[in-house]
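Coordinates as given in model07.pdb (PDB, C-alpha atoms, pLDDT in the B column):
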```pdb
ATOM      1  CA  LYS A   1      55.517 -12.215 185.193  1.00 63.00           C
ATOM      2  CA  ASN A   2      58.227 -10.343 183.360  1.00 78.00           C
ATOM      3  CA  HIS A   3      59.249 -12.181 180.250  1.00 90.00           C
ATOM      4  CA  LEU A   4      62.800 -12.016 178.939  1.00 94.00           C
ATOM      5  CA  THR A   5      63.150 -10.411 175.530  1.00 96.00           C
ATOM      6  CA  PHE A   6      65.819  -9.684 172.976  1.00 96.00           C
ATOM      7  CA  GLU A   7      65.779  -7.714 169.752  1.00 96.00           C
ATOM      8  CA  VAL A   8      67.775  -8.267 166.590  1.00 96.00           C
ATOM      9  CA  VAL A   9      68.266  -5.815 163.734  1.00 95.00           C
ATOM     10  CA  MET A  10      68.272  -8.004 160.669  1.00 95.00           C
ATOM     11  CA  THR A  11      71.450  -8.151 158.607  1.00 95.00           C
ATOM     12  CA  ASP A  12      72.150  -9.960 155.352  1.00 94.00           C
ATOM     13  CA  SER A  13      73.813 -12.839 157.158  1.00 94.00           C
ATOM     14  CA  TYR A  14      70.828 -13.311 159.493  1.00 94.00           C
ATOM     15  CA  ILE A  15      68.588 -13.461 156.426  1.00 94.00           C
ATOM     16  CA  ASN A  16      70.752 -15.619 154.168  1.00 94.00           C
ATOM     17  CA  TYR A  17      71.938 -18.250 156.651  1.00 93.00           C
ATOM     18  CA  ASP A  18      70.366 -20.618 159.164  1.00 94.00           C
ATOM     19  CA  ASP A  19      72.239 -18.866 161.947  1.00 94.00           C
ATOM     20  CA  LEU A  20      71.053 -16.363 164.531  1.00 96.00           C
ATOM     21  CA  TYR A  21      72.854 -15.822 167.824  1.00 94.00           C
ATOM     22  CA  ILE A  22      70.778 -15.980 171.006  1.00 95.00           C
ATOM     23  CA  PRO A  23      72.075 -13.727 173.793  1.00 94.00           C
ATOM     24  CA  ARG A  24      73.411 -15.271 176.973  1.00 92.00           C
ATOM     25  CA  LYS A  25      70.783 -13.493 179.086  1.00 92.00           C
ATOM     26  CA  ILE A  26      68.266 -15.735 177.308  1.00 92.00           C
ATOM     27  CA  TYR A  27      70.111 -18.998 176.898  1.00 90.00           C
ATOM     28  CA  LYS A  28      71.331 -19.139 180.471  1.00 90.00           C
ATOM     29  CA  HIS A  29      67.690 -19.915 181.368  1.00 89.00           C
ATOM     30  CA  LEU A  30      67.499 -22.871 178.991  1.00 91.00           C
ATOM     31  CA  LEU A  31      68.153 -26.451 179.962  1.00 89.00           C
ATOM     32  CA  PRO A  32      71.125 -28.078 178.190  1.00 90.00           C
ATOM     33  CA  THR A  33      68.678 -30.524 176.609  1.00 91.00           C
ATOM     34  CA  VAL A  34      66.767 -27.821 174.709  1.00 94.00           C
ATOM     35  CA  ASP A  35      67.431 -28.223 170.984  1.00 95.00           C
ATOM     36  CA  THR A  36      64.302 -26.785 169.379  1.00 97.00           C
ATOM     37  CA  ALA A  37      62.744 -23.330 169.342  1.00 97.00           C
ATOM     38  CA  ILE A  38      59.088 -22.796 168.533  1.00 98.00           C
ATOM     39  CA  LEU A  39      58.545 -19.337 167.075  1.00 98.00           C
ATOM     40  CA  HIS A  40      55.011 -17.996 167.443  1.00 98.00           C
ATOM     41  CA  TYR A  41      54.174 -15.248 164.965  1.00 97.00           C
ATOM     42  CA  ARG A  42      50.852 -14.032 163.573  1.00 94.00           C
ATOM     43  CA  GLY A  43      48.959 -17.014 164.917  1.00 95.00           C
ATOM     44  CA  LYS A  44      51.268 -19.589 163.344  1.00 97.00           C
ATOM     45  CA  GLU A  45      54.191 -21.648 164.578  1.00 97.00           C
ATOM     46  CA  TRP A  46      57.595 -22.206 163.040  1.00 97.00           C
ATOM     47  CA  TYR A  47      60.233 -24.622 164.305  1.00 97.00           C
ATOM     48  CA  ALA A  48      63.948 -23.925 164.372  1.00 97.00           C
ATOM     49  CA  SER A  49      66.645 -26.228 165.647  1.00 97.00           C
ATOM     50  CA  MET A  50      69.040 -24.767 168.185  1.00 96.00           C
ATOM     51  CA  SER A  51      72.714 -25.402 168.639  1.00 94.00           C
ATOM     52  CA  VAL A  52      73.624 -26.787 172.034  1.00 87.00           C
ATOM     53  CA  GLY A  53      76.604 -25.947 174.195  1.00 81.00           C
ATOM     54  CA  ASP A  54      78.136 -22.630 175.134  1.00 79.00           C
ATOM     55  CA  ARG A  55      76.863 -20.482 172.317  1.00 84.00           C
ATOM     56  CA  ARG A  56      73.233 -20.915 171.441  1.00 92.00           C
ATOM     57  CA  ARG A  57      71.929 -20.123 167.996  1.00 95.00           C
ATOM     58  CA  PHE A  58      68.844 -20.712 165.895  1.00 96.00           C
ATOM     59  CA  LYS A  59      69.883 -23.055 163.102  1.00 97.00           C
ATOM     60  CA  VAL A  60      67.839 -25.105 160.616  1.00 96.00           C
ATOM     61  CA  GLY A  61      64.385 -23.585 160.222  1.00 97.00           C
ATOM     62  CA  TRP A  62      65.385 -20.005 160.991  1.00 97.00           C
ATOM     63  CA  LYS A  63      65.912 -19.018 157.364  1.00 96.00           C
ATOM     64  CA  PHE A  64      62.562 -20.541 156.415  1.00 96.00           C
ATOM     65  CA  PHE A  65      60.858 -18.397 159.075  1.00 97.00           C
ATOM     66  CA  VAL A  66      62.566 -15.299 157.670  1.00 97.00           C
ATOM     67  CA  LEU A  67      61.652 -16.090 154.062  1.00 95.00           C
ATOM     68  CA  ASP A  68      58.110 -17.140 154.909  1.00 95.00           C
ATOM     69  CA  ASN A  69      57.449 -13.822 156.621  1.00 96.00           C
ATOM     70  CA  TYR A  70      59.240 -11.547 154.137  1.00 94.00           C
ATOM     71  CA  ILE A  71      61.601 -10.280 156.817  1.00 95.00           C
ATOM     72  CA  LYS A  72      64.147  -7.932 155.248  1.00 94.00           C
ATOM     73  CA  ARG A  73      67.416  -6.272 156.138  1.00 94.00           C
ATOM     74  CA  GLY A  74      66.893  -3.487 158.669  1.00 94.00           C
ATOM     75  CA  PHE A  75      63.748  -5.007 160.156  1.00 95.00           C
ATOM     76  CA  VAL A  76      63.789  -5.385 163.934  1.00 96.00           C
ATOM     77  CA  VAL A  77      62.753  -8.786 165.222  1.00 97.00           C
ATOM     78  CA  LYS A  78      61.817  -9.011 168.890  1.00 97.00           C
ATOM     79  CA  PHE A  79      61.772 -12.350 170.694  1.00 97.00           C
ATOM     80  CA  THR A  80      59.917 -12.853 173.964  1.00 97.00           C
ATOM     81  CA  LEU A  81      60.696 -16.012 175.904  1.00 96.00           C
ATOM     82  CA  ILE A  82      57.348 -17.444 176.954  1.00 95.00           C
ATOM     83  CA  ASP A  83      58.002 -21.051 177.900  1.00 94.00           C
ATOM     84  CA  VAL A  84      60.958 -23.298 178.626  1.00 92.00           C
ATOM     85  CA  ALA A  85      60.485 -27.058 178.547  1.00 93.00           C
ATOM     86  CA  LEU A  86      62.899 -29.961 178.678  1.00 92.00           C
ATOM     87  CA  LEU A  87      63.458 -30.228 174.919  1.00 93.00           C
ATOM     88  CA  TYR A  88      62.091 -27.013 173.459  1.00 95.00           C
ATOM     89  CA  VAL A  89      61.579 -23.332 174.133  1.00 95.00           C
ATOM     90  CA  ASP A  90      58.761 -21.036 173.010  1.00 97.00           C
ATOM     91  CA  PHE A  91      59.271 -17.513 171.760  1.00 97.00           C
ATOM     92  CA  ASN A  92      56.642 -14.992 170.765  1.00 97.00           C
ATOM     93  CA  VAL A  93      58.009 -13.036 167.821  1.00 98.00           C
ATOM     94  CA  GLN A  94      57.221  -9.476 166.791  1.00 97.00           C
ATOM     95  CA  VAL A  95      58.520  -7.807 163.645  1.00 96.00           C
ATOM     96  CA  LYS A  96      59.026  -4.111 163.054  1.00 93.00           C
ATOM     97  CA  GLU A  97      59.660  -2.930 159.523  1.00 87.00           C
ATOM     98  CA  GLU A  98      62.507  -0.554 158.844  1.00 76.00           C
ATOM     99  CA  GLY A  99      61.523   3.032 159.502  1.00 69.00           C
ATOM    100  CA  THR A 100      58.373   2.223 161.456  1.00 67.00           C
ATOM    101  CA  SER A 101      57.890   2.481 165.177  1.00 71.00           C
ATOM    102  CA  ASP A 102      55.233  -0.171 165.652  1.00 73.00           C
ATOM    103  CA  TYR A 103      55.578  -3.892 165.822  1.00 70.00           C
ATOM    104  CA  ASN A 104      53.085  -6.014 163.955  1.00 62.00           C
ATOM    105  CA  PRO A 105      50.351  -7.016 166.374  1.00 53.00           C
ATOM    106  CA  VAL A 106      50.934 -10.260 168.201  1.00 51.00           C
ATOM    107  CA  GLU A 107      48.108 -12.736 168.105  1.00 49.00           C
ATOM    108  CA  ILE A 108      47.881 -15.026 171.068  1.00 49.00           C
ATOM    109  CA  ASP A 109      45.379 -17.832 170.702  1.00 45.00           C
TER     110      ASP A 109
END
```

Structure translated into structure tokens:
Amino acid sequence: KNHLTFEVVMTDSYINYDDLYIPRKIYKHLLPTVDTAILHYRGKEWYASMSVGDRRRFKVGWKFFVLDNYIKRGFVVKFTLIDVALLYVDFNVQVKEEGTSDYNPVEID
């Protein structure tokens, strides 16, 4: 099964605020009831609330994920949509540091 992905180059605003835009190619697959994202990274899970309506974004919890994982400006964060449920959505997350070509290995339990 081909999973949908999107990549974001981190900017100051993505790091400093609980606000990250989710592209339409992703959110058009989500049910209107989905209001939580579960971010799977390095064998752990983080929760971020999602705005509902026309423009989907990660909100509260996003900044904590960024800070907790020392994600800096210029890093590339790749999201892979792995599961869509009624109230939440699961993303596997990979992080690529600035100037490197490899993502950190993903651990799937």

**Prompt:** How would you write, as an MDAnalysis selection string, the residues chosen by the PyMOL selection byres ((chain A and resi 85) around 10) on this structure?
**Reply:** chainID A and resid 30:31 33:34 36 83:84 86:90

The PyMOL selection byres ((chain A and resi 8) around 8) on the file shown: which residues, as an mmCIF file with C-alpha atoms, keeping the file's coordinate frame?
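Writing the result to out.cif gives the following:
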```cif
data_model
loop_
_atom_site.group_PDB
_atom_site.id
_atom_site.type_symbol
_atom_site.label_atom_id
_atom_site.label_comp_id
_atom_site.auth_asym_id
_atom_site.auth_seq_id
_atom_site.Cartn_x
_atom_site.Cartn_y
_atom_site.Cartn_z
ATOM 1 C CA PHE A 6 65.819 -9.684 172.976
ATOM 2 C CA GLU A 7 65.779 -7.714 169.752
ATOM 3 C CA VAL A 9 68.266 -5.815 163.734
ATOM 4 C CA MET A 10 68.272 -8.004 160.669
ATOM 5 C CA VAL A 76 63.789 -5.385 163.934
ATOM 6 C CA VAL A 77 62.753 -8.786 165.222
ATOM 7 C CA LYS A 78 61.817 -9.011 168.890
#
```

**Message:** What does the structure give for the distance between CA of Asp102 in chain A and CA of Tyr41 in chain A, in Å to one decimal?
**Reply:** 15.1 Å

**Message:** So that I can see what lies close to Phe75 in chain A, please list as a list in words the residues with an atom at most 12 Å from it, counting all atoms listed in the file and leaving out residues fewer than 4 positions away in the same chain.
**Reply:**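 The filter keeps Glu7, Val8, Val9, Met10, Thr11, Asp12, Tyr14, Ile15, Val66, Asn69, Tyr70, Ile71, Gln94, Val95, Lys96, Glu97, Glu98, Gly99, Thr100, Ser101, Asp102, Tyr103 and Asn104 of chain A.
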
**Item:** Expected selection from the PyMOL selection byres ((chain A and resi 79) around 6), given as a list in words
**Value:**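 This file gives the following for the PyMOL selection byres ((chain A and resi 79) around 6): Thr5, Phe6, Lys78, Thr80, Phe91, Asn92 and Val93 of chain A.
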
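Restricting the calculation to only C-alpha atoms, the smallest distance between Arg57 in chain A and any of A:Pro32, A:Ala37, A:Lys25, A:Leu81 is found for A:Ala37.
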
**Request:** Skip Ser49 in chain A itself and residues of its chain fewer than 5 positions away, then list as a count of residues only all residues within 7 Å of it, counting all atoms listed in the file.
**Result:** 7

Residue completion, range 6-18 of chain A, N, CA, C and O atoms, as a PDB file, in the coordinates of the input:
```pdb
ATOM      1  N   PHE A   6      64.663 -10.247 173.663  1.00 96.00           N
ATOM      2  CA  PHE A   6      65.819  -9.684 172.976  1.00 96.00           C
ATOM      3  C   PHE A   6      65.396  -9.248 171.587  1.00 96.00           C
ATOM      4  O   PHE A   6      64.435  -9.763 171.037  1.00 96.00           O
ATOM      5  N   GLU A   7      66.086  -8.251 171.073  1.00 96.00           N
ATOM      6  CA  GLU A   7      65.779  -7.714 169.752  1.00 96.00           C
ATOM      7  C   GLU A   7      66.995  -7.859 168.848  1.00 96.00           C
ATOM      8  O   GLU A   7      68.132  -7.738 169.299  1.00 96.00           O
ATOM      9  N   VAL A   8      66.711  -8.114 167.576  1.00 96.00           N
ATOM     10  CA  VAL A   8      67.775  -8.267 166.590  1.00 96.00           C
ATOM     11  C   VAL A   8      67.446  -7.385 165.393  1.00 96.00           C
ATOM     12  O   VAL A   8      66.326  -7.439 164.868  1.00 96.00           O
ATOM     13  N   VAL A   9      68.405  -6.546 164.991  1.00 95.00           N
ATOM     14  CA  VAL A   9      68.266  -5.815 163.734  1.00 95.00           C
ATOM     15  C   VAL A   9      68.779  -6.738 162.637  1.00 95.00           C
ATOM     16  O   VAL A   9      69.917  -7.207 162.682  1.00 95.00           O
ATOM     17  N   MET A  10      67.934  -7.006 161.667  1.00 95.00           N
ATOM     18  CA  MET A  10      68.272  -8.004 160.669  1.00 95.00           C
ATOM     19  C   MET A  10      69.382  -7.523 159.731  1.00 95.00           C
ATOM     20  O   MET A  10      69.332  -6.400 159.224  1.00 95.00           O
ATOM     21  N   THR A  11      70.355  -8.392 159.544  1.00 95.00           N
ATOM     22  CA  THR A  11      71.450  -8.151 158.607  1.00 95.00           C
ATOM     23  C   THR A  11      71.361  -9.184 157.492  1.00 95.00           C
ATOM     24  O   THR A  11      70.598 -10.151 157.577  1.00 95.00           O
ATOM     25  N   ASP A  12      72.153  -8.993 156.456  1.00 94.00           N
ATOM     26  CA  ASP A  12      72.150  -9.960 155.352  1.00 94.00           C
ATOM     27  C   ASP A  12      72.469 -11.370 155.835  1.00 94.00           C
ATOM     28  O   ASP A  12      71.857 -12.336 155.396  1.00 94.00           O
ATOM     29  N   SER A  13      73.433 -11.487 156.742  1.00 94.00           N
ATOM     30  CA  SER A  13      73.813 -12.839 157.158  1.00 94.00           C
ATOM     31  C   SER A  13      72.697 -13.508 157.963  1.00 94.00           C
ATOM     32  O   SER A  13      72.495 -14.717 157.871  1.00 94.00           O
ATOM     33  N   TYR A  14      71.946 -12.725 158.742  1.00 94.00           N
ATOM     34  CA  TYR A  14      70.828 -13.311 159.493  1.00 94.00           C
ATOM     35  C   TYR A  14      69.716 -13.766 158.555  1.00 94.00           C
ATOM     36  O   TYR A  14      68.936 -14.643 158.888  1.00 94.00           O
ATOM     37  N   ILE A  15      69.641 -13.133 157.387  1.00 94.00           N
ATOM     38  CA  ILE A  15      68.588 -13.461 156.426  1.00 94.00           C
ATOM     39  C   ILE A  15      69.011 -14.624 155.527  1.00 94.00           C
ATOM     40  O   ILE A  15      68.214 -15.480 155.184  1.00 94.00           O
ATOM     41  N   ASN A  16      70.288 -14.660 155.174  1.00 94.00           N
ATOM     42  CA  ASN A  16      70.752 -15.619 154.168  1.00 94.00           C
ATOM     43  C   ASN A  16      71.205 -16.957 154.738  1.00 94.00           C
ATOM     44  O   ASN A  16      71.408 -17.908 153.998  1.00 94.00           O
ATOM     45  N   TYR A  17      71.413 -17.025 156.059  1.00 93.00           N
ATOM     46  CA  TYR A  17      71.938 -18.250 156.651  1.00 93.00           C
ATOM     47  C   TYR A  17      71.060 -18.713 157.803  1.00 93.00           C
ATOM     48  O   TYR A  17      70.414 -17.905 158.465  1.00 93.00           O
ATOM     49  N   ASP A  18      71.060 -20.037 158.019  1.00 94.00           N
ATOM     50  CA  ASP A  18      70.366 -20.618 159.164  1.00 94.00           C
ATOM     51  C   ASP A  18      71.234 -20.405 160.399  1.00 94.00           C
ATOM     52  O   ASP A  18      71.838 -21.341 160.924  1.00 94.00           O
TER      53      ASP A  18
END
```
